[in-house]
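Student: Structure provided below as structure tokens; questions to follow.
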Amino acid sequence: MTAMLALSPFVRGVQEFQQMGLMNKAVLDATAVDIPLITLAKNPTERKERFVRQALVLLIAFVFAPLHARLLMKWFAKGVGTASAKVNQALMQVSFKDLATVTHLKQALKRLVPQHAEVGHFPNVTEALRKAILRAKTKFLVTDLAVEGMLFATVGFIKVLFG
């Protein structure tokens, strides 16, 4: 359970709220409200208009949500501090369990990124590298949860905007 120890109580709270409240609200808005609104349209033109509007909302909320994580991962990977962007992104893939100690991190690097370990990108894995990875991953998680939370919480506002 190293991941839970590494995360602050605020991050765990935001994650719990997102998983239970915001996702349920967004799914209910999409399925329990939007589909009946489309089927109850008065004529085919209004039905098409409502369908396009609801499709845009779902596209914005549910397609953009996973895509932003890739951008944020690249951005926060720069905080790890190695010279290569590919190495930084590979280091962001190390699990919190493998970040428990420096020896666990060394084993994970040999297992996950052997090509970089052989080239010599990691001549001496130190506590500073482990803490840098941990900081970058925690910042990424907090920002990712905040952006997804805002997206899912504003599904209703996005529907009004396109209405």
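We name chains A, B, ... following the order of the structure tokens; residues begin at 1 in each chain, and ligands are numbered from 1 as shown.
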At a cut-off of 10 Å, using only C-alpha atoms, what residues contact A:Val113? Leave out same-chain residues fewer than 6 positions from it and give the result as a VMD selection string.
Tutor: chain A and resid 87 90 to 91 93 to 94
Student: Find the spatial neighbours of A:Lys137, counting only C-alpha atoms, within a cut-off of 8 Å - ignore same-chain residues fewer than 3 positions away - and output them as a PyMOL selection string.
Tutor: chain A and resi 76+92+133-134+140-141
Student: Hey, can you spit out that residue selection with C-alpha atoms as a PDB file, in the first residue's frame?
Tutor:
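Below you can see result_38.pdb, which holds the result:
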```
ATOM      1  CA  PHE A  76       4.950  16.594 -15.444  1.00  0.00           C
ATOM      2  CA  MET A  92       6.574   8.137 -14.785  1.00  0.00           C
ATOM      3  CA  ILE A 133       9.712  10.659  -9.521  1.00  0.00           C
ATOM      4  CA  LEU A 134       7.390  10.504  -6.547  1.00  0.00           C
ATOM      5  CA  PHE A 140       0.390  14.610 -12.119  1.00  0.00           C
ATOM      6  CA  LEU A 141      -2.238  12.694 -10.147  1.00  0.00           C
TER       7      LEU A 141
END
```
Student: Considering only C-alpha atoms, return as a count of residues only whatever protein or nucleic-acid residues lie within 12 Å of A:Gln107, sequence-local ones (same chain, fewer than 4 positions apart) excluded.
Tutor: 16
Student: Mind the document's chain letters and residue numbers, and return as an NGL selection string the residues of stretch 29-124 of chain A that DSSP labels helix (DSSP H, G or I).
Tutor: :A and (29-39 or 44-80 or 85-92 or 97-99 or 102-112 or 114-119)
Student: Interatomic distance between atom CA of A:Arg70 and atom CA of A:Asp144?
Tutor: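 For atom CA of A:Arg70 relative to atom CA of A:Asp144, the distance reads 9.8 Å.
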Student: Would you list the contacts of A:Arg50 as a compact mmCIF listing (two decimals) with N, CA and C atoms, in the first residue's frame, taking every protein, DNA or RNA residue within 9 Å and counting only C-alpha atoms, but skipping same-chain residues closer than 2 positions in sequence?
Tutor:
```
# COMPACT_ATOMS: atom_id res chain seq x y z
N ASP A 34 -30.41 12.58 -21.21
CA ASP A 34 -30.22 12.92 -22.61
C ASP A 34 -30.95 11.98 -23.57
N LEU A 37 -34.63 12.73 -23.63
CA LEU A 37 -34.88 14.01 -24.30
C LEU A 37 -34.84 13.86 -25.82
N ILE A 38 -33.94 13.05 -26.31
CA ILE A 38 -33.85 12.83 -27.76
C ILE A 38 -35.09 12.09 -28.24
N ALA A 41 -38.47 14.17 -28.58
CA ALA A 41 -38.50 15.35 -29.46
C ALA A 41 -39.79 15.36 -30.27
N THR A 45 -36.46 17.07 -37.01
CA THR A 45 -35.44 18.12 -36.99
C THR A 45 -34.98 18.41 -35.56
N GLU A 46 -35.94 18.51 -34.67
CA GLU A 46 -35.59 18.73 -33.27
C GLU A 46 -34.82 17.53 -32.70
N ARG A 47 -35.20 16.34 -33.13
CA ARG A 47 -34.50 15.13 -32.68
C ARG A 47 -33.04 15.15 -33.12
N LYS A 48 -32.79 15.56 -34.36
CA LYS A 48 -31.41 15.65 -34.86
C LYS A 48 -30.63 16.72 -34.09
N VAL A 52 -27.32 15.89 -31.88
CA VAL A 52 -26.02 16.53 -32.13
C VAL A 52 -25.52 17.23 -30.88
N ARG A 53 -26.41 17.93 -30.19
CA ARG A 53 -26.02 18.63 -28.97
C ARG A 53 -25.52 17.64 -27.90
N GLN A 54 -26.25 16.56 -27.70
CA GLN A 54 -25.84 15.59 -26.68
C GLN A 54 -24.57 14.85 -27.10
N ALA A 55 -24.41 14.60 -28.39
CA ALA A 55 -23.18 13.96 -28.87
C ALA A 55 -21.98 14.86 -28.64
N GLY A 163 -26.88 24.33 -25.59
CA GLY A 163 -28.33 24.38 -25.76
C GLY A 163 -28.73 25.68 -26.35
```
Student: By how many Å are atom CA of A:Arg135 and atom CA of A:Phe96 apart?
Tutor: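 Atom CA of A:Arg135 sits 10.9 Å away from atom CA of A:Phe96.
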Student: For atom CA of A:Phe157 and atom CA of A:Leu56, quote the distance in Å rounded to one decimal.
Tutor: 12.7 Å
Student: So, counting only C-alpha atoms, which residue among A:Ile35, A:Val27, A:Leu71, A:Ala65 is closest to A:Glu148?
Tutor: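 Using only C-alpha atoms, A:Glu148 sits closest to A:Ala65.
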Student: Check the smallest atom-to-atom distance from each of A:Pro66, A:Gly81, A:Leu72, A:Glu16 to A:Thr138 using only C-alpha atoms, then report the winner.
Tutor: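 Closest residue, counting only C-alpha atoms: A:Leu72.
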Student: For each of A:Val33, A:Ala77, A:Val57, A:Leu40, take the minimum atom-to-atom distance to A:Val160, counting only C-alpha atoms, then give the residue where this is smallest.
Tutor: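 For A:Val160, the nearest of the given residues is A:Val57.
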Student: Name all residues at most 7 Å from A:Ala61 (count only C-alpha atoms; drop same-chain ones fewer than 6 positions away) and give them as a PyMOL selection string.
Tutor: chain A and resi 151-152+155
Student: Restricting the calculation to only C-alpha atoms: of A:Ala69, A:Val142, A:Phe51, A:Arg130, which residue gets closest to A:Phe10?
Tutor: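 Once distances to A:Phe10 are computed over only C-alpha atoms, the minimum belongs to A:Val142.
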